[in-house]
Amino acid sequence: MIEIVVEARTATISAAMSVKRILPFRLRRMVGPFIFMDHAGPLTNIPVPSSALDVLPHPHIGLSTVSYLFGGQVTHRDSLGVEQIIKPGEVNWMTAGSGIAHSERFENPSSLSGGLEMIQTWVALPEKDEETNPSFNNYTVEQLPVFTDKGIWMRLIAGNAYGLSNDVKTNSPLFYLHVTLTKGTAFTLPKDYSERGLYIVSGSIELSGVNYDAGKMLVFTTGSDPVLVAKEFTTLMLLGGEPLGERYIWWNFVSSRKERIEQAKEDWKQGRIILPPNDNTEFIPLPDDRSKPAGGPPKPEPLS
């Protein structure tokens, strides 16, 4: 029923922000098209200045980033000239395609007074879409359907599940939901996808007599029908879909072709991926090479 339990590891993404990194994992590189997942926060001790949390301009290819906040606020700027304040409950979907750079800035300390918590996932693109033109879309809370039942609240972030759908543009079959459960509530996963997982943001669940707490991702075998029970008030992120095949991931680059990763490295070094026009005075330089493929056979070491 459970294929693997992924324990979140700690990763540092800016001067003052460490995150829980869930994907990729050395024994499970992807779940459906989802190739990356970070959980930032909950952070209540906001540094002064809050700009210490900033993630400077950096590049992406071959993927879509999906940013979703539970609390706080962040300003997104990218190569297209988009400047978007990201707020809790919205979906912010940036498709890198052939190449884009973006930054994430924490410029309004008052918006962080209640703390900061966010999830960022990356969705790999099908081969036919890997070189598509970059784009960015913000979807407001009002555009995202919510379902409630006794003990259950859920918001569909993207894809299709439980009879819910929305207008968030995706490139392959997937589902992604924010779910809360009250204590004692039983819950099952969508059945229409070959790869399915859940990440426990807070609280804990019981499955087949075993308890699982926050910071763990459970990935389930194809065709199983697990019934989980919330042991307390619990927040989950449900995700999955259909696999796309092997992908290479190196730093912020994803591709089905290793040589495309090498090209992206050189493009960033040579300034061929344009910086955000309204945030172009600094950037994150290319790190040392630690390339490993994802989505194929298990590899001996995790990516960081």
# chains A, B, ... in the order shown; residues from 1 in each chain; ligands from 1
$ select_by_dssp --residues "stretch 65-301 of chain A" --states "strand (DSSP E)" --output "VMD selection string"
chain A and resid 65 to 71 74 to 78 83 to 86 91 to 95 100 to 105 116 to 124 135 to 139 146 to 149 152 to 161 164 to 165 174 to 181 186 to 188 195 to 202 204 to 207 210 to 213 216 to 220 227 to 230 234 to 241 247 to 250 253 to 255 292 to 294
$ select_by_dssp --residues "stretch 48-238 of chain A" --states "helix (DSSP H, G or I)" --output "PyMOL selection string"
chain A and resi 50-53+109-112+127-129+141-143
$ write_last_selection --atoms "C-alpha atoms" --output "tab-separated table (two decimals), in the first residue's frame"
chain	number	residue	atom	x	y	z
A	50	SER	CA	13.23	40.81	6.22
A	51	SER	CA	15.26	41.02	3.00
A	52	ALA	CA	17.57	38.42	4.57
A	53	LEU	CA	14.92	35.91	3.47
A	109	PRO	CA	7.70	43.23	6.91
A	110	SER	CA	4.14	43.99	8.06
A	111	SER	CA	2.85	41.21	5.77
A	112	LEU	CA	5.02	38.78	7.72
A	127	GLU	CA	9.13	16.52	-23.75
A	128	LYS	CA	7.02	18.35	-26.35
A	129	ASP	CA	6.65	21.32	-23.98
A	141	VAL	CA	-8.59	32.25	-4.24
A	142	GLU	CA	-11.93	32.89	-5.94
A	143	GLN	CA	-10.80	30.90	-8.99
$ residues_around --residues "stretch 78-94 of chain A" --least-positions-apart "4" --cutoff "10 Å" --atoms "only C-alpha atoms" --output "PDB file with N, CA and C atoms, in the first residue's frame"
ATOM      1  N   PRO A  57      17.593  36.608  -7.913  1.00  0.00           N
ATOM      2  CA  PRO A  57      17.288  36.086  -9.247  1.00  0.00           C
ATOM      3  C   PRO A  57      18.105  34.847  -9.589  1.00  0.00           C
ATOM      4  N   HIS A  58      17.408  33.842 -10.133  1.00  0.00           N
ATOM      5  CA  HIS A  58      18.019  32.567 -10.497  1.00  0.00           C
ATOM      6  C   HIS A  58      17.234  31.975 -11.648  1.00  0.00           C
ATOM      7  N   PRO A  59      17.822  31.058 -12.417  1.00  0.00           N
ATOM      8  CA  PRO A  59      17.188  30.574 -13.654  1.00  0.00           C
ATOM      9  C   PRO A  59      16.462  29.239 -13.483  1.00  0.00           C
ATOM     10  N   HIS A  60      15.580  28.944 -14.441  1.00  0.00           N
ATOM     11  CA  HIS A  60      14.924  27.640 -14.563  1.00  0.00           C
ATOM     12  C   HIS A  60      14.760  27.296 -16.036  1.00  0.00           C
ATOM     13  N   LEU A  63      10.467  23.207 -16.679  1.00  0.00           N
ATOM     14  CA  LEU A  63       9.571  22.919 -15.562  1.00  0.00           C
ATOM     15  C   LEU A  63       8.608  24.072 -15.356  1.00  0.00           C
ATOM     16  N   SER A  64       7.611  23.816 -14.504  1.00  0.00           N
ATOM     17  CA  SER A  64       6.761  24.881 -13.972  1.00  0.00           C
ATOM     18  C   SER A  64       6.951  24.934 -12.463  1.00  0.00           C
ATOM     19  N   THR A  65       7.158  26.127 -11.914  1.00  0.00           N
ATOM     20  CA  THR A  65       7.174  26.297 -10.466  1.00  0.00           C
ATOM     21  C   THR A  65       5.760  26.638 -10.007  1.00  0.00           C
ATOM     22  N   VAL A  66       5.359  26.051  -8.880  1.00  0.00           N
ATOM     23  CA  VAL A  66       4.037  26.304  -8.314  1.00  0.00           C
ATOM     24  C   VAL A  66       4.227  26.766  -6.875  1.00  0.00           C
ATOM     25  N   SER A  67       3.932  28.035  -6.614  1.00  0.00           N
ATOM     26  CA  SER A  67       4.101  28.609  -5.278  1.00  0.00           C
ATOM     27  C   SER A  67       2.743  28.756  -4.604  1.00  0.00           C
ATOM     28  N   TYR A  68       2.671  28.287  -3.350  1.00  0.00           N
ATOM     29  CA  TYR A  68       1.402  28.294  -2.606  1.00  0.00           C
ATOM     30  C   TYR A  68       1.704  28.651  -1.160  1.00  0.00           C
ATOM     31  N   LEU A  69       1.080  29.721  -0.666  1.00  0.00           N
ATOM     32  CA  LEU A  69       1.347  30.221   0.682  1.00  0.00           C
ATOM     33  C   LEU A  69       0.220  29.879   1.646  1.00  0.00           C
ATOM     34  N   PHE A  70       0.596  29.538   2.873  1.00  0.00           N
ATOM     35  CA  PHE A  70      -0.340  29.432   3.992  1.00  0.00           C
ATOM     36  C   PHE A  70      -0.371  30.726   4.800  1.00  0.00           C
ATOM     37  N   GLY A  71       0.753  31.429   4.838  1.00  0.00           N
ATOM     38  CA  GLY A  71       0.825  32.676   5.588  1.00  0.00           C
ATOM     39  C   GLY A  71       1.972  33.531   5.097  1.00  0.00           C
ATOM     40  N   GLY A  72       1.827  34.858   5.226  1.00  0.00           N
ATOM     41  CA  GLY A  72       2.863  35.781   4.791  1.00  0.00           C
ATOM     42  C   GLY A  72       2.620  36.293   3.385  1.00  0.00           C
ATOM     43  N   GLN A  73       3.672  36.815   2.782  1.00  0.00           N
ATOM     44  CA  GLN A  73       3.563  37.423   1.459  1.00  0.00           C
ATOM     45  C   GLN A  73       4.947  37.456   0.827  1.00  0.00           C
ATOM     46  N   VAL A  74       5.014  37.242  -0.469  1.00  0.00           N
ATOM     47  CA  VAL A  74       6.286  37.299  -1.185  1.00  0.00           C
ATOM     48  C   VAL A  74       6.049  37.973  -2.532  1.00  0.00           C
ATOM     49  N   GLY A  99      13.508  28.829 -20.821  1.00  0.00           N
ATOM     50  CA  GLY A  99      14.387  29.524 -19.883  1.00  0.00           C
ATOM     51  C   GLY A  99      13.798  30.812 -19.345  1.00  0.00           C
ATOM     52  N   ILE A 100      13.870  30.969 -18.025  1.00  0.00           N
ATOM     53  CA  ILE A 100      13.392  32.176 -17.361  1.00  0.00           C
ATOM     54  C   ILE A 100      14.196  32.353 -16.073  1.00  0.00           C
ATOM     55  N   ALA A 101      14.293  33.584 -15.617  1.00  0.00           N
ATOM     56  CA  ALA A 101      14.881  33.863 -14.313  1.00  0.00           C
ATOM     57  C   ALA A 101      13.837  34.579 -13.468  1.00  0.00           C
ATOM     58  N   HIS A 102      13.853  34.319 -12.161  1.00  0.00           N
ATOM     59  CA  HIS A 102      12.920  35.022 -11.280  1.00  0.00           C
ATOM     60  C   HIS A 102      13.534  35.180  -9.900  1.00  0.00           C
ATOM     61  N   SER A 103      12.948  36.086  -9.135  1.00  0.00           N
ATOM     62  CA  SER A 103      13.362  36.312  -7.748  1.00  0.00           C
ATOM     63  C   SER A 103      12.142  36.220  -6.854  1.00  0.00           C
ATOM     64  N   GLU A 104      12.403  36.000  -5.567  1.00  0.00           N
ATOM     65  CA  GLU A 104      11.356  35.973  -4.546  1.00  0.00           C
ATOM     66  C   GLU A 104      11.812  36.868  -3.407  1.00  0.00           C
ATOM     67  N   ARG A 105      11.122  37.980  -3.230  1.00  0.00           N
ATOM     68  CA  ARG A 105      11.542  39.011  -2.285  1.00  0.00           C
ATOM     69  C   ARG A 105      10.510  39.183  -1.174  1.00  0.00           C
ATOM     70  N   PHE A 106      11.015  39.486   0.010  1.00  0.00           N
ATOM     71  CA  PHE A 106      10.164  39.692   1.187  1.00  0.00           C
ATOM     72  C   PHE A 106      10.321  41.153   1.608  1.00  0.00           C
ATOM     73  N   GLU A 107       9.557  42.009   0.917  1.00  0.00           N
ATOM     74  CA  GLU A 107       9.787  43.449   0.993  1.00  0.00           C
ATOM     75  C   GLU A 107       8.839  44.173   1.935  1.00  0.00           C
ATOM     76  N   SER A 111       3.567  42.369   6.300  1.00  0.00           N
ATOM     77  CA  SER A 111       2.845  41.215   5.770  1.00  0.00           C
ATOM     78  C   SER A 111       3.327  39.907   6.376  1.00  0.00           C
ATOM     79  N   LEU A 116       5.429  33.311   8.279  1.00  0.00           N
ATOM     80  CA  LEU A 116       5.583  32.932   6.880  1.00  0.00           C
ATOM     81  C   LEU A 116       5.554  31.414   6.762  1.00  0.00           C
ATOM     82  N   GLU A 117       4.743  30.905   5.841  1.00  0.00           N
ATOM     83  CA  GLU A 117       4.754  29.483   5.534  1.00  0.00           C
ATOM     84  C   GLU A 117       4.319  29.304   4.088  1.00  0.00           C
ATOM     85  N   MET A 118       5.101  28.534   3.343  1.00  0.00           N
ATOM     86  CA  MET A 118       4.767  28.321   1.941  1.00  0.00           C
ATOM     87  C   MET A 118       5.295  26.978   1.461  1.00  0.00           C
ATOM     88  N   GLN A 120       6.600  25.208  -2.191  1.00  0.00           N
ATOM     89  CA  GLN A 120       6.874  25.348  -3.619  1.00  0.00           C
ATOM     90  C   GLN A 120       7.153  23.974  -4.212  1.00  0.00           C
ATOM     91  N   THR A 121       6.446  23.666  -5.293  1.00  0.00           N
ATOM     92  CA  THR A 121       6.686  22.451  -6.047  1.00  0.00           C
ATOM     93  C   THR A 121       7.130  22.814  -7.453  1.00  0.00           C
ATOM     94  N   TRP A 122       7.828  21.858  -8.077  1.00  0.00           N
ATOM     95  CA  TRP A 122       8.147  21.986  -9.494  1.00  0.00           C
ATOM     96  C   TRP A 122       7.476  20.831 -10.221  1.00  0.00           C
ATOM     97  N   VAL A 123       6.865  21.152 -11.352  1.00  0.00           N
ATOM     98  CA  VAL A 123       6.223  20.156 -12.197  1.00  0.00           C
ATOM     99  C   VAL A 123       7.029  20.054 -13.490  1.00  0.00           C
ATOM    100  N   PRO A 134       8.319  30.858 -22.026  1.00  0.00           N
ATOM    101  CA  PRO A 134       8.041  31.072 -20.595  1.00  0.00           C
ATOM    102  C   PRO A 134       6.733  31.836 -20.385  1.00  0.00           C
ATOM    103  N   SER A 135       6.102  31.592 -19.247  1.00  0.00           N
ATOM    104  CA  SER A 135       4.860  32.286 -18.919  1.00  0.00           C
ATOM    105  C   SER A 135       4.675  32.308 -17.408  1.00  0.00           C
ATOM    106  N   PHE A 136       3.802  33.206 -16.948  1.00  0.00           N
ATOM    107  CA  PHE A 136       3.455  33.274 -15.521  1.00  0.00           C
ATOM    108  C   PHE A 136       1.969  33.573 -15.406  1.00  0.00           C
ATOM    109  N   ASN A 137       1.308  32.842 -14.507  1.00  0.00           N
ATOM    110  CA  ASN A 137      -0.105  33.074 -14.246  1.00  0.00           C
ATOM    111  C   ASN A 137      -0.370  33.060 -12.740  1.00  0.00           C
ATOM    112  N   ASN A 138      -1.160  34.035 -12.300  1.00  0.00           N
ATOM    113  CA  ASN A 138      -1.631  34.087 -10.916  1.00  0.00           C
ATOM    114  C   ASN A 138      -3.120  33.756 -10.917  1.00  0.00           C
ATOM    115  N   TYR A 139      -3.505  32.828 -10.053  1.00  0.00           N
ATOM    116  CA  TYR A 139      -4.903  32.434  -9.905  1.00  0.00           C
ATOM    117  C   TYR A 139      -5.349  32.780  -8.491  1.00  0.00           C
ATOM    118  N   THR A 140      -6.393  33.584  -8.380  1.00  0.00           N
ATOM    119  CA  THR A 140      -6.848  34.052  -7.080  1.00  0.00           C
ATOM    120  C   THR A 140      -7.626  32.966  -6.344  1.00  0.00           C
ATOM    121  N   VAL A 141      -7.839  33.193  -5.073  1.00  0.00           N
ATOM    122  CA  VAL A 141      -8.588  32.252  -4.237  1.00  0.00           C
ATOM    123  C   VAL A 141      -9.966  31.985  -4.839  1.00  0.00           C
ATOM    124  N   GLU A 142     -10.573  33.018  -5.386  1.00  0.00           N
ATOM    125  CA  GLU A 142     -11.928  32.885  -5.936  1.00  0.00           C
ATOM    126  C   GLU A 142     -11.967  31.959  -7.155  1.00  0.00           C
ATOM    127  N   GLN A 143     -10.848  31.746  -7.801  1.00  0.00           N
ATOM    128  CA  GLN A 143     -10.796  30.898  -8.990  1.00  0.00           C
ATOM    129  C   GLN A 143     -10.559  29.423  -8.661  1.00  0.00           C
ATOM    130  N   LEU A 144     -10.352  29.118  -7.385  1.00  0.00           N
ATOM    131  CA  LEU A 144      -9.975  27.767  -6.990  1.00  0.00           C
ATOM    132  C   LEU A 144     -11.117  27.127  -6.197  1.00  0.00           C
ATOM    133  N   ARG A 155      -9.035  22.417  -1.016  1.00  0.00           N
ATOM    134  CA  ARG A 155      -8.963  23.357  -2.145  1.00  0.00           C
ATOM    135  C   ARG A 155      -8.167  22.698  -3.261  1.00  0.00           C
ATOM    136  N   LEU A 156      -8.718  22.688  -4.465  1.00  0.00           N
ATOM    137  CA  LEU A 156      -7.994  22.170  -5.621  1.00  0.00           C
ATOM    138  C   LEU A 156      -7.025  23.237  -6.118  1.00  0.00           C
ATOM    139  N   ILE A 157      -5.742  22.931  -6.068  1.00  0.00           N
ATOM    140  CA  ILE A 157      -4.722  23.848  -6.559  1.00  0.00           C
ATOM    141  C   ILE A 157      -4.579  23.711  -8.073  1.00  0.00           C
ATOM    142  N   ALA A 158      -4.542  22.474  -8.560  1.00  0.00           N
ATOM    143  CA  ALA A 158      -4.398  22.255 -10.005  1.00  0.00           C
ATOM    144  C   ALA A 158      -4.824  20.838 -10.351  1.00  0.00           C
ATOM    145  N   VAL A 168      -6.623  26.370 -13.845  1.00  0.00           N
ATOM    146  CA  VAL A 168      -5.171  26.415 -13.779  1.00  0.00           C
ATOM    147  C   VAL A 168      -4.607  25.582 -14.931  1.00  0.00           C
ATOM    148  N   LYS A 169      -3.791  26.211 -15.759  1.00  0.00           N
ATOM    149  CA  LYS A 169      -3.278  25.547 -16.959  1.00  0.00           C
ATOM    150  C   LYS A 169      -2.149  24.590 -16.596  1.00  0.00           C
ATOM    151  N   THR A 170      -2.331  23.314 -16.959  1.00  0.00           N
ATOM    152  CA  THR A 170      -1.312  22.298 -16.734  1.00  0.00           C
ATOM    153  C   THR A 170      -0.950  21.667 -18.078  1.00  0.00           C
ATOM    154  N   HIS A 178      -4.788  21.148  -1.417  1.00  0.00           N
ATOM    155  CA  HIS A 178      -4.569  21.543  -0.020  1.00  0.00           C
ATOM    156  C   HIS A 178      -5.770  21.017   0.757  1.00  0.00           C
ATOM    157  N   ILE A 273      20.286  33.951 -20.241  1.00  0.00           N
ATOM    158  CA  ILE A 273      18.961  33.909 -19.625  1.00  0.00           C
ATOM    159  C   ILE A 273      18.756  35.259 -18.949  1.00  0.00           C
ATOM    160  N   ILE A 274      17.779  35.992 -19.419  1.00  0.00           N
ATOM    161  CA  ILE A 274      17.616  37.393 -19.036  1.00  0.00           C
ATOM    162  C   ILE A 274      17.173  37.510 -17.577  1.00  0.00           C
ATOM    163  N   LEU A 275      17.774  38.441 -16.855  1.00  0.00           N
ATOM    164  CA  LEU A 275      17.353  38.732 -15.491  1.00  0.00           C
ATOM    165  C   LEU A 275      16.033  39.497 -15.493  1.00  0.00           C
ATOM    166  N   PRO A 276      15.287  39.457 -14.403  1.00  0.00           N
ATOM    167  CA  PRO A 276      14.077  40.285 -14.324  1.00  0.00           C
ATOM    168  C   PRO A 276      14.434  41.753 -14.545  1.00  0.00           C
ATOM    169  N   PRO A 277      13.768  42.443 -15.458  1.00  0.00           N
ATOM    170  CA  PRO A 277      14.142  43.830 -15.755  1.00  0.00           C
ATOM    171  C   PRO A 277      13.993  44.760 -14.558  1.00  0.00           C
ATOM    172  N   ASN A 278      13.110  44.420 -13.609  1.00  0.00           N
ATOM    173  CA  ASN A 278      12.938  45.260 -12.424  1.00  0.00           C
ATOM    174  C   ASN A 278      13.594  44.640 -11.195  1.00  0.00           C
ATOM    175  N   ASP A 279      14.560  43.711 -11.425  1.00  0.00           N
ATOM    176  CA  ASP A 279      15.351  43.135 -10.329  1.00  0.00           C
ATOM    177  C   ASP A 279      16.599  42.517 -10.942  1.00  0.00           C
ATOM    178  N   ASN A 280      17.483  43.374 -11.461  1.00  0.00           N
ATOM    179  CA  ASN A 280      18.598  42.866 -12.259  1.00  0.00           C
ATOM    180  C   ASN A 280      19.973  43.311 -11.782  1.00  0.00           C
TER     181      ASN A 280
END
$ closest_residue --among "A:Arg21, A:Glu282, A:Glu131, A:Asn108" --to "A:Ala96" --atoms "only C-alpha atoms"
A:Glu131
$ closest_residue --among "A:Val146, A:Leu238, A:Val254, A:Met1" --to "A:Tyr176" --atoms "only C-alpha atoms"
A:Leu238
$ closest_residue --among "A:Asp225, A:Glu195, A:Glu130, A:Glu3" --to "A:Arg260" --atoms "only C-alpha atoms"
A:Glu130
$ closest_residue --among "A:Thr281, A:Thr222, A:Ser202, A:Asn211" --to "A:Pro243" --atoms "only C-alpha atoms"
A:Thr222
$ residues_around --residues "A:Thr188" --least-positions-apart "4" --cutoff "7 Å" --atoms "only C-alpha atoms" --output "PyMOL selection string"
chain A and resi 225-228
$ write_last_selection --atoms "C-alpha atoms" --output "CSV table (one decimal), in the first residue's frame"
chain,number,residue,atom,x,y,z
A,225,ASP,CA,-7.0,2.4,-1.9
A,226,PRO,CA,-5.5,3.6,1.5
A,227,VAL,CA,-7.8,4.9,4.2
A,228,LEU,CA,-6.1,7.4,6.5
$ residues_around --residues "A:Phe233" --least-positions-apart "6" --cutoff "6 Å" --atoms "only C-alpha atoms" --output "PyMOL selection string"
chain A and resi 181-183+203
$ decode --residues "stretch 134-174 of chain A" --atoms "C-alpha atoms" --output "PDB file, in the first residue's frame"
ATOM      1  CA  PRO A 134       8.041  31.072 -20.595  1.00  0.00           C
ATOM      2  CA  SER A 135       4.860  32.286 -18.919  1.00  0.00           C
ATOM      3  CA  PHE A 136       3.455  33.274 -15.521  1.00  0.00           C
ATOM      4  CA  ASN A 137      -0.105  33.074 -14.246  1.00  0.00           C
ATOM      5  CA  ASN A 138      -1.631  34.087 -10.916  1.00  0.00           C
ATOM      6  CA  TYR A 139      -4.903  32.434  -9.905  1.00  0.00           C
ATOM      7  CA  THR A 140      -6.848  34.052  -7.080  1.00  0.00           C
ATOM      8  CA  VAL A 141      -8.588  32.252  -4.237  1.00  0.00           C
ATOM      9  CA  GLU A 142     -11.928  32.885  -5.936  1.00  0.00           C
ATOM     10  CA  GLN A 143     -10.796  30.898  -8.990  1.00  0.00           C
ATOM     11  CA  LEU A 144      -9.975  27.767  -6.990  1.00  0.00           C
ATOM     12  CA  PRO A 145     -12.858  25.442  -6.019  1.00  0.00           C
ATOM     13  CA  VAL A 146     -13.284  24.381  -2.402  1.00  0.00           C
ATOM     14  CA  PHE A 147     -15.086  21.271  -1.164  1.00  0.00           C
ATOM     15  CA  THR A 148     -16.243  20.772   2.417  1.00  0.00           C
ATOM     16  CA  ASP A 149     -17.803  17.834   4.204  1.00  0.00           C
ATOM     17  CA  LYS A 150     -17.938  16.686   7.811  1.00  0.00           C
ATOM     18  CA  GLY A 151     -14.381  17.088   9.090  1.00  0.00           C
ATOM     19  CA  ILE A 152     -12.962  17.785   5.608  1.00  0.00           C
ATOM     20  CA  TRP A 153     -11.938  20.974   3.816  1.00  0.00           C
ATOM     21  CA  MET A 154     -10.057  20.902   0.530  1.00  0.00           C
ATOM     22  CA  ARG A 155      -8.963  23.357  -2.145  1.00  0.00           C
ATOM     23  CA  LEU A 156      -7.994  22.170  -5.621  1.00  0.00           C
ATOM     24  CA  ILE A 157      -4.722  23.848  -6.559  1.00  0.00           C
ATOM     25  CA  ALA A 158      -4.398  22.255 -10.005  1.00  0.00           C
ATOM     26  CA  GLY A 159      -5.553  19.326 -12.106  1.00  0.00           C
ATOM     27  CA  ASN A 160      -8.618  17.177 -11.469  1.00  0.00           C
ATOM     28  CA  ALA A 161      -9.623  15.209  -8.361  1.00  0.00           C
ATOM     29  CA  TYR A 162     -12.752  14.278  -6.384  1.00  0.00           C
ATOM     30  CA  GLY A 163     -14.911  15.743  -9.150  1.00  0.00           C
ATOM     31  CA  LEU A 164     -13.210  19.147  -8.816  1.00  0.00           C
ATOM     32  CA  SER A 165     -11.535  21.052 -11.649  1.00  0.00           C
ATOM     33  CA  ASN A 166     -10.371  24.597 -12.275  1.00  0.00           C
ATOM     34  CA  ASP A 167      -8.786  26.780 -14.945  1.00  0.00           C
ATOM     35  CA  VAL A 168      -5.171  26.415 -13.779  1.00  0.00           C
ATOM     36  CA  LYS A 169      -3.278  25.547 -16.959  1.00  0.00           C
ATOM     37  CA  THR A 170      -1.312  22.298 -16.734  1.00  0.00           C
ATOM     38  CA  ASN A 171       0.647  20.340 -19.332  1.00  0.00           C
ATOM     39  CA  SER A 172       0.037  16.738 -18.238  1.00  0.00           C
ATOM     40  CA  PRO A 173      -2.458  14.737 -16.130  1.00  0.00           C
ATOM     41  CA  LEU A 174      -1.994  15.594 -12.443  1.00  0.00           C
TER      42      LEU A 174
END
